[in-house]
Amino acid sequence: VDEKYKGLESNIWIELNTLNDDLGNCVNLGQGFPDYQPALHIVEHLAAVCKPDPELYAFHQYARAFGHPRLAKALATLYTRLVGVQIDWASEVLVTGGAYGALFYTIMSNIGKGDEVIIVEPYFDCYEPMVLLAGGTPVYIPLKPDENSGDSTSSAQWKLDMKELSSLFNAKTKAIILNTPNNPLGKVFSREELTDIARLCMKHDVLVISDEVYEWIVYGEEEHIRIASLPGMWERTVTIGSAGKTFSLTGWKLGWAYGPASLMRNLQIAHQNCTYMCQTPEQEAVGAALENELELLGKPTSYFHQMRKELTLKREQLSKAISDAGMTPILPQGGYFILAKWTSLKKKIGKELESQGEKLKAWPYEDMKFAIWLAKNKQLLGIPPSAFYSLPHKHLGGDYIRFNFFKRKETLEKADNILRALK
Ligand code: PMP
Ligand code: GLN
């Protein structure tokens with residue numbers, strides 16, 4: 001491979017989706033997507049604008065480069081309300097090819113050689129290669145279970161050491177990448193935590209790249225706080241969202257970034273020379289769906305409310321199955337993944353795990369061995385969290401496996417049966 005790609009050859013989604021395809025019979029709790037129909041009214045809207053009708057020709061042609069107005073306007077209205085800043089739909093919102101696209105533009109257009117970027121671990125895996133490709137240097141800080149509470153079974157107990165974080169900021173620090181609710185841990189950063197981080201960013205004049213793709217998926221009394229809404233933070237934050245996660249249609253690959261025009265201009269330039277614009281019919285359907293949600297915000301009839309309610313039950317179902325299997329779940333405050341500590345099974349299956357070793361030269365971590373063993377021998381697919389840690393910290397993921405619980409009841413029951421039989 002080209003010099004610039006050396007060290008980036010391996011990608012967990014490619015590895016495990018290929019394994020899944022090869023095996024062909026796994027219950028798939030791996031990559032994060034639901035295994036059933038998304039919100040029906042969006043699919044209907046897409047079908048309505050795509051039906052063969054000469055009057056609808058424009059929906060099959062290029063849209064405005066930075067976002068189809070119906071969608072960009074709906075996003076600006078929504079976030080104006082949620083962030084508390086008047087957002088201009090034309091210059092402060094950019095529609096992209098998924099949240100991946102938004103992350104790529106933000107990182108490519110703001111990070112350069114010699115810039116340091118602080119990344120909170122565990123992190124969504126693409127942050128690291130994007131920062132490296134931009135010429136930047138990632139600097140990592142792991143969330144750790146709070147020693148005072150002695151409890152690591154809720155994502156709320158996993159915290160940043162603020163002294164350690166503070167020590168990472170220096171004259172080279174250009175940005176920090178945050179992800180709340182976090183994938184894979186499910187941590188939802190509290191207002192206090194975000195305020196502390198914001199203070200450091202203002203003090204050191206640092207950009208915040210805030211990945212909030214799971215913004216609508218928080219449980220119980222949890223509240224999703226947008227760091228851009230904290231005093232002084234709008235000016236220095238690019239926030240990233242995903243239609244795939246917002247309306248459960250990950251295959252549509254539509255996302256967005258929003259922030260002050262001064263920061264968004266760089267992203268627009270990256271975008272206008274890369275993909276130029278995104279799918280028109282999808283933007284129309286997501287725009288209409290957001291208009292609908294805007295009217296229903298906070299009401300039980302809203303899709304966001306229904307999704308949360310549905311996922312609350314699924315979170316319970318899977319965490320119970322994990323506990324019943326003798327493993328320990330970390331109950332997530334948000335998102336749709338659970339980390340399960342699987343090491344209680346080590347005594348029983350330790351020898352079998354070792355035999356998974358020979359094919360794993362590129363990925364010699366305990367959790368990868370376990371994930372492969374589980375897929376091959378028990379037909380259950382999960383994701384090894386070492387993928388969400390930097391090289392020196394990969395062992396921190398070794399005791400866990402990540403399961404996605406956005407699955408129909410029958411899929412979770414099948415997983416439940418496999419898990420129980422492990423005990
Ligand atoms: N960020 C996080 C935290 C994710 O989990 C994902 C996966 N959906 C993405 C970004 C990428 O989202 P998209 O599928 O919209 O590109
Ligand atoms: N965000 C999803 C996950 O974490 C999908 C990742 C991907 O497709 N690369 O599972």
# chains A, B, ... in the order shown; residues from 1 in each chain; ligands from 1
$ residues_near_ligand --ligand "ligand 2" --cutoff "7 Å" --atoms "only C-alpha atoms and all ligand atoms" --output "number ranges by chain"
A: 13, 30-33, 124, 183-184
$ write_last_selection --atoms "C-alpha atoms" --output "PDB file, in the first residue's frame"
ATOM      1  CA  TRP A  13     -15.906  -3.441  10.190  1.00  0.00           C
ATOM      2  CA  GLY A  30     -21.982  -6.593  15.439  1.00  0.00           C
ATOM      3  CA  GLN A  31     -22.110  -3.474  13.262  1.00  0.00           C
ATOM      4  CA  GLY A  32     -24.641  -0.923  14.518  1.00  0.00           C
ATOM      5  CA  PHE A  33     -27.852  -1.066  12.527  1.00  0.00           C
ATOM      6  CA  PHE A 124     -15.286   5.512  17.182  1.00  0.00           C
ATOM      7  CA  ASN A 183     -19.841   4.497  20.940  1.00  0.00           C
ATOM      8  CA  PRO A 184     -19.023   1.829  22.186  1.00  0.00           C
TER       9      PRO A 184
END
$ residues_around --residues "A:Lys203" --least-positions-apart "3" --cutoff "12 Å" --atoms "only C-alpha atoms" --output "list in words"
Ser166, Phe169, Asn170, Ala171, Thr173, Asp196, Ile197, Ala198, Arg199, Leu200, Val206, Leu207, Gly232, Met233 and Arg236 of chain A
$ residues_near_ligand --ligand "ligand 1" --cutoff "8 Å" --atoms "only C-alpha atoms and all ligand atoms" --output "PyMOL selection string"
chain A and resi 32+97-101+103+123-124+179-184+211-214+241-245+250-251+253-255
$ write_last_selection --atoms "N, CA and C atoms" --output "short mmCIF file (atom, residue, chain, number, x, y, z; two decimals), in the first residue's frame"
data_model
loop_
_atom_site.label_atom_id
_atom_site.label_comp_id
_atom_site.auth_asym_id
_atom_site.auth_seq_id
_atom_site.Cartn_x
_atom_site.Cartn_y
_atom_site.Cartn_z
N GLY A 32 -23.45 -1.55 13.93
CA GLY A 32 -24.64 -0.92 14.52
C GLY A 32 -25.72 -0.53 13.54
N GLY A 97 -22.04 13.03 3.23
CA GLY A 97 -22.21 11.59 3.06
C GLY A 97 -22.01 10.88 4.39
N GLY A 98 -23.06 10.84 5.18
CA GLY A 98 -23.00 10.24 6.51
C GLY A 98 -22.20 11.11 7.47
N ALA A 99 -22.22 10.71 8.74
CA ALA A 99 -21.39 11.40 9.73
C ALA A 99 -19.92 11.19 9.39
N TYR A 100 -19.60 10.06 8.76
CA TYR A 100 -18.21 9.84 8.30
C TYR A 100 -17.75 11.02 7.44
N GLY A 101 -18.60 11.42 6.48
CA GLY A 101 -18.24 12.52 5.59
C GLY A 101 -17.99 13.80 6.37
N LEU A 103 -17.16 14.11 9.53
CA LEU A 103 -15.93 13.97 10.32
C LEU A 103 -14.71 14.19 9.43
N TYR A 123 -13.06 5.28 21.47
CA TYR A 123 -13.52 6.22 20.45
C TYR A 123 -13.98 5.47 19.20
N PHE A 124 -14.87 6.10 18.46
CA PHE A 124 -15.29 5.51 17.18
C PHE A 124 -14.05 5.44 16.30
N ASN A 179 -17.36 12.40 21.77
CA ASN A 179 -18.49 11.61 21.24
C ASN A 179 -19.44 11.31 22.38
N THR A 180 -20.56 12.03 22.36
CA THR A 180 -21.58 11.81 23.39
C THR A 180 -22.95 11.74 22.73
N PRO A 181 -23.77 10.74 23.04
CA PRO A 181 -23.46 9.49 23.71
C PRO A 181 -22.35 8.73 22.97
N ASN A 182 -21.52 8.08 23.77
CA ASN A 182 -20.31 7.47 23.23
C ASN A 182 -20.56 6.07 22.65
N ASN A 183 -19.92 5.83 21.52
CA ASN A 183 -19.84 4.50 20.94
C ASN A 183 -18.41 4.04 21.17
N PRO A 184 -18.13 2.94 21.84
CA PRO A 184 -19.02 1.83 22.19
C PRO A 184 -19.56 1.82 23.63
N ASP A 211 -19.04 14.70 18.01
CA ASP A 211 -19.79 13.67 17.28
C ASP A 211 -21.00 13.29 18.14
N GLU A 212 -22.19 13.70 17.67
CA GLU A 212 -23.40 13.49 18.47
C GLU A 212 -24.43 12.66 17.70
N VAL A 213 -23.92 11.66 16.97
CA VAL A 213 -24.85 10.90 16.11
C VAL A 213 -25.94 10.16 16.90
N TYR A 214 -25.67 9.88 18.19
CA TYR A 214 -26.71 9.19 19.00
C TYR A 214 -27.48 10.17 19.88
N GLY A 241 -23.91 15.15 13.05
CA GLY A 241 -25.08 14.29 13.22
C GLY A 241 -25.22 13.33 12.05
N SER A 242 -26.16 12.39 12.19
CA SER A 242 -26.34 11.35 11.18
C SER A 242 -27.82 11.02 11.01
N ALA A 243 -28.30 11.10 9.76
CA ALA A 243 -29.68 10.66 9.50
C ALA A 243 -29.79 9.17 9.75
N GLY A 244 -28.70 8.44 9.45
CA GLY A 244 -28.70 6.99 9.66
C GLY A 244 -29.03 6.61 11.08
N LYS A 245 -28.48 7.38 12.04
CA LYS A 245 -28.72 7.09 13.46
C LYS A 245 -29.99 7.77 13.94
N THR A 250 -29.36 3.39 8.35
CA THR A 250 -27.91 3.59 8.20
C THR A 250 -27.46 3.46 6.74
N GLY A 251 -28.22 2.72 5.93
CA GLY A 251 -27.84 2.54 4.53
C GLY A 251 -28.03 3.80 3.69
N LYS A 253 -26.79 6.71 4.37
CA LYS A 253 -25.51 7.44 4.40
C LYS A 253 -25.67 8.94 4.19
N LEU A 254 -26.48 9.51 5.03
CA LEU A 254 -26.66 10.96 5.00
C LEU A 254 -26.34 11.49 6.39
N GLY A 255 -25.54 12.52 6.44
CA GLY A 255 -25.20 13.11 7.74
C GLY A 255 -25.07 14.62 7.59
#
$ select_by_dssp --residues "stretch 59-170 of chain A" --states "strand (DSSP E or B)" --output "PyMOL selection string"
chain A and resi 93-96+116-121+137-142+144-145+154+158-159
$ closest_residue --among "A:Ala325, A:Pro281, A:Lys163, A:Leu133" --to "A:Asp2" --atoms "only C-alpha atoms"
A:Leu133
$ residues_around --residues "A:Pro384" --least-positions-apart "2" --cutoff "10 Å" --atoms "only C-alpha atoms" --output "mmCIF file with C-alpha atoms, in the first residue's frame"
data_model
loop_
_atom_site.group_PDB
_atom_site.id
_atom_site.type_symbol
_atom_site.label_atom_id
_atom_site.label_comp_id
_atom_site.auth_asym_id
_atom_site.auth_seq_id
_atom_site.Cartn_x
_atom_site.Cartn_y
_atom_site.Cartn_z
ATOM 1 C CA ILE A 12 -12.673 -3.802 12.223
ATOM 2 C CA LEU A 16 -15.830 -8.796 11.023
ATOM 3 C CA GLY A 30 -21.982 -6.593 15.439
ATOM 4 C CA PRO A 184 -19.023 1.829 22.186
ATOM 5 C CA LEU A 339 -20.160 -3.683 26.486
ATOM 6 C CA TYR A 365 -5.928 -9.107 21.415
ATOM 7 C CA GLU A 366 -7.922 -11.194 23.844
ATOM 8 C CA ASP A 367 -11.246 -9.643 22.905
ATOM 9 C CA MET A 368 -10.628 -10.348 19.208
ATOM 10 C CA LYS A 369 -9.915 -13.996 20.032
ATOM 11 C CA PHE A 370 -13.124 -14.143 22.012
ATOM 12 C CA ALA A 371 -15.172 -12.410 19.280
ATOM 13 C CA ILE A 372 -13.900 -14.826 16.642
ATOM 14 C CA LEU A 381 -21.304 -11.849 16.317
ATOM 15 C CA GLY A 382 -20.103 -8.958 18.494
ATOM 16 C CA SER A 386 -9.838 -3.043 21.374
ATOM 17 C CA ALA A 387 -10.753 -1.596 17.962
ATOM 18 C CA PHE A 388 -11.805 1.561 19.809
ATOM 19 C CA GLY A 397 -10.734 -3.261 25.674
ATOM 20 C CA GLY A 398 -9.544 -6.864 26.053
ATOM 21 C CA ASP A 399 -12.005 -7.995 28.706
ATOM 22 C CA TYR A 400 -15.089 -6.827 26.800
ATOM 23 C CA ILE A 401 -17.214 -7.475 23.750
ATOM 24 C CA ARG A 402 -19.659 -4.971 22.222
ATOM 25 C CA PHE A 403 -23.174 -6.062 21.319
#
$ atom_distance --atom1 "atom CA of A:Lys414" --atom2 "atom CA of A:Tyr336"
17.9 Å
$ closest_residue --among "A:Gly334, A:Gly326, A:Gly114, A:Gly287" --to "A:Ala421" --atoms "only C-alpha atoms"
A:Gly326
$ closest_residue --among "A:Ile87, A:Ile118, A:Ala76, A:Leu40" --to "A:Glu235" --atoms "only C-alpha atoms"
A:Ile87
$ closest_residue --among "A:Thr275, A:Ser319, A:Thr153, A:Asn110" --to "A:Val95" --atoms "only C-alpha atoms"
A:Thr275
$ residues_around --residues "A:Ala261" --least-positions-apart "3" --cutoff "10 Å" --atoms "only C-alpha atoms" --output "number ranges by chain"
A: 87-93, 235, 258, 264-268
$ write_last_selection --atoms "C-alpha atoms" --output "tab-separated table (two decimals), in the first residue's frame"
chain	number	residue	atom	x	y	z
A	87	ILE	CA	-28.27	29.21	12.95
A	88	ASP	CA	-28.17	30.29	9.32
A	89	TRP	CA	-29.29	27.38	7.11
A	90	ALA	CA	-27.20	28.48	4.14
A	91	SER	CA	-23.81	29.08	5.75
A	92	GLU	CA	-23.88	27.16	9.02
A	93	VAL	CA	-25.23	23.74	8.02
A	235	GLU	CA	-17.75	29.79	18.14
A	258	TYR	CA	-23.22	22.51	11.85
A	264	MET	CA	-18.10	25.83	8.26
A	265	ARG	CA	-16.52	27.63	5.31
A	266	ASN	CA	-13.54	25.22	5.41
A	267	LEU	CA	-15.87	22.23	5.40
A	268	GLN	CA	-17.84	23.65	2.47
$ residues_around --residues "A:Lys376" --least-positions-apart "5" --cutoff "10 Å" --atoms "only C-alpha atoms" --output "list in words"
Leu19, Asn20, Asp22, Leu23, Asn25, Cys26, Gln356, Phe370, Ala371 and Leu381 of chain A
$ residues_around --residues "A:Leu419" --least-positions-apart "3" --cutoff "10 Å" --atoms "only C-alpha atoms" --output "ChimeraX atom specification"
/A:318,321-327,374,378,380,413-416,422-423
$ atom_distance --atom1 "atom CA of A:Leu8" --atom2 "atom CA of A:Met130"
10.0 Å
$ residues_around --residues "A:Ser229" --least-positions-apart "6" --cutoff "8 Å" --atoms "only C-alpha atoms" --output "JSON, numbers by chain"
{"A": [82, 83, 84, 85]}
$ select_by_dssp --residues "stretch 15-162 of chain A" --states "alpha helix (DSSP H)" --output "MDAnalysis selection string"
chainID A and resid 15:23 40:50 69:83 98:110 127:133 162
$ write_last_selection --atoms "C-alpha atoms" --output "PDB file, in the first residue's frame"
ATOM      1  CA  GLU A  15     -12.742  -7.767   9.121  1.00  0.00           C
ATOM      2  CA  LEU A  16     -15.830  -8.796  11.023  1.00  0.00           C
ATOM      3  CA  ASN A  17     -18.364  -8.249   8.264  1.00  0.00           C
ATOM      4  CA  THR A  18     -16.211 -10.464   6.039  1.00  0.00           C
ATOM      5  CA  LEU A  19     -16.106 -13.099   8.772  1.00  0.00           C
ATOM      6  CA  ASN A  20     -19.874 -12.821   9.118  1.00  0.00           C
ATOM      7  CA  ASP A  21     -20.361 -13.237   5.355  1.00  0.00           C
ATOM      8  CA  ASP A  22     -17.998 -16.226   5.308  1.00  0.00           C
ATOM      9  CA  LEU A  23     -19.730 -17.940   8.209  1.00  0.00           C
ATOM     10  CA  LEU A  40     -42.372   4.235   7.920  1.00  0.00           C
ATOM     11  CA  HIS A  41     -43.312   7.832   7.054  1.00  0.00           C
ATOM     12  CA  ILE A  42     -39.788   8.544   5.785  1.00  0.00           C
ATOM     13  CA  VAL A  43     -39.713   5.488   3.583  1.00  0.00           C
ATOM     14  CA  GLU A  44     -43.132   6.493   2.228  1.00  0.00           C
ATOM     15  CA  HIS A  45     -41.919  10.017   1.511  1.00  0.00           C
ATOM     16  CA  LEU A  46     -38.882   8.659  -0.351  1.00  0.00           C
ATOM     17  CA  ALA A  47     -41.115   6.330  -2.356  1.00  0.00           C
ATOM     18  CA  ALA A  48     -43.485   9.219  -3.142  1.00  0.00           C
ATOM     19  CA  VAL A  49     -40.743  11.425  -4.621  1.00  0.00           C
ATOM     20  CA  CYS A  50     -39.130   8.544  -6.488  1.00  0.00           C
ATOM     21  CA  PRO A  69     -32.816  23.616   1.207  1.00  0.00           C
ATOM     22  CA  ARG A  70     -35.674  21.654   2.764  1.00  0.00           C
ATOM     23  CA  LEU A  71     -33.225  19.582   4.826  1.00  0.00           C
ATOM     24  CA  ALA A  72     -30.730  22.371   5.583  1.00  0.00           C
ATOM     25  CA  LYS A  73     -33.591  24.615   6.752  1.00  0.00           C
ATOM     26  CA  ALA A  74     -35.109  21.900   8.947  1.00  0.00           C
ATOM     27  CA  LEU A  75     -31.685  21.225  10.511  1.00  0.00           C
ATOM     28  CA  ALA A  76     -31.098  24.951  11.122  1.00  0.00           C
ATOM     29  CA  THR A  77     -34.534  25.325  12.759  1.00  0.00           C
ATOM     30  CA  LEU A  78     -34.029  22.244  14.909  1.00  0.00           C
ATOM     31  CA  TYR A  79     -30.578  23.160  16.187  1.00  0.00           C
ATOM     32  CA  THR A  80     -31.423  26.844  16.612  1.00  0.00           C
ATOM     33  CA  ARG A  81     -33.984  25.605  19.112  1.00  0.00           C
ATOM     34  CA  LEU A  82     -31.697  23.083  20.786  1.00  0.00           C
ATOM     35  CA  VAL A  83     -28.421  25.022  20.866  1.00  0.00           C
ATOM     36  CA  GLY A  98     -22.995  10.241   6.511  1.00  0.00           C
ATOM     37  CA  ALA A  99     -21.386  11.401   9.732  1.00  0.00           C
ATOM     38  CA  TYR A 100     -18.213   9.843   8.301  1.00  0.00           C
ATOM     39  CA  GLY A 101     -18.239  12.521   5.586  1.00  0.00           C
ATOM     40  CA  ALA A 102     -18.749  15.293   8.121  1.00  0.00           C
ATOM     41  CA  LEU A 103     -15.929  13.973  10.319  1.00  0.00           C
ATOM     42  CA  PHE A 104     -13.625  13.675   7.332  1.00  0.00           C
ATOM     43  CA  TYR A 105     -14.244  17.241   6.158  1.00  0.00           C
ATOM     44  CA  THR A 106     -13.913  18.657   9.668  1.00  0.00           C
ATOM     45  CA  ILE A 107     -10.646  16.874  10.326  1.00  0.00           C
ATOM     46  CA  MET A 108      -9.121  17.325   6.854  1.00  0.00           C
ATOM     47  CA  SER A 109      -9.914  21.011   6.706  1.00  0.00           C
ATOM     48  CA  ASN A 110      -8.842  21.940  10.238  1.00  0.00           C
ATOM     49  CA  TYR A 127     -11.102   9.289  14.201  1.00  0.00           C
ATOM     50  CA  GLU A 128      -7.566   7.974  14.435  1.00  0.00           C
ATOM     51  CA  PRO A 129      -6.885   7.265  10.717  1.00  0.00           C
ATOM     52  CA  MET A 130      -8.539  10.542   9.724  1.00  0.00           C
ATOM     53  CA  VAL A 131      -6.294  12.562  12.037  1.00  0.00           C
ATOM     54  CA  LEU A 132      -3.207  10.666  10.830  1.00  0.00           C
ATOM     55  CA  LEU A 133      -4.099  11.160   7.170  1.00  0.00           C
ATOM     56  CA  MET A 162      -9.500  16.064  34.474  1.00  0.00           C
TER      57      MET A 162
END
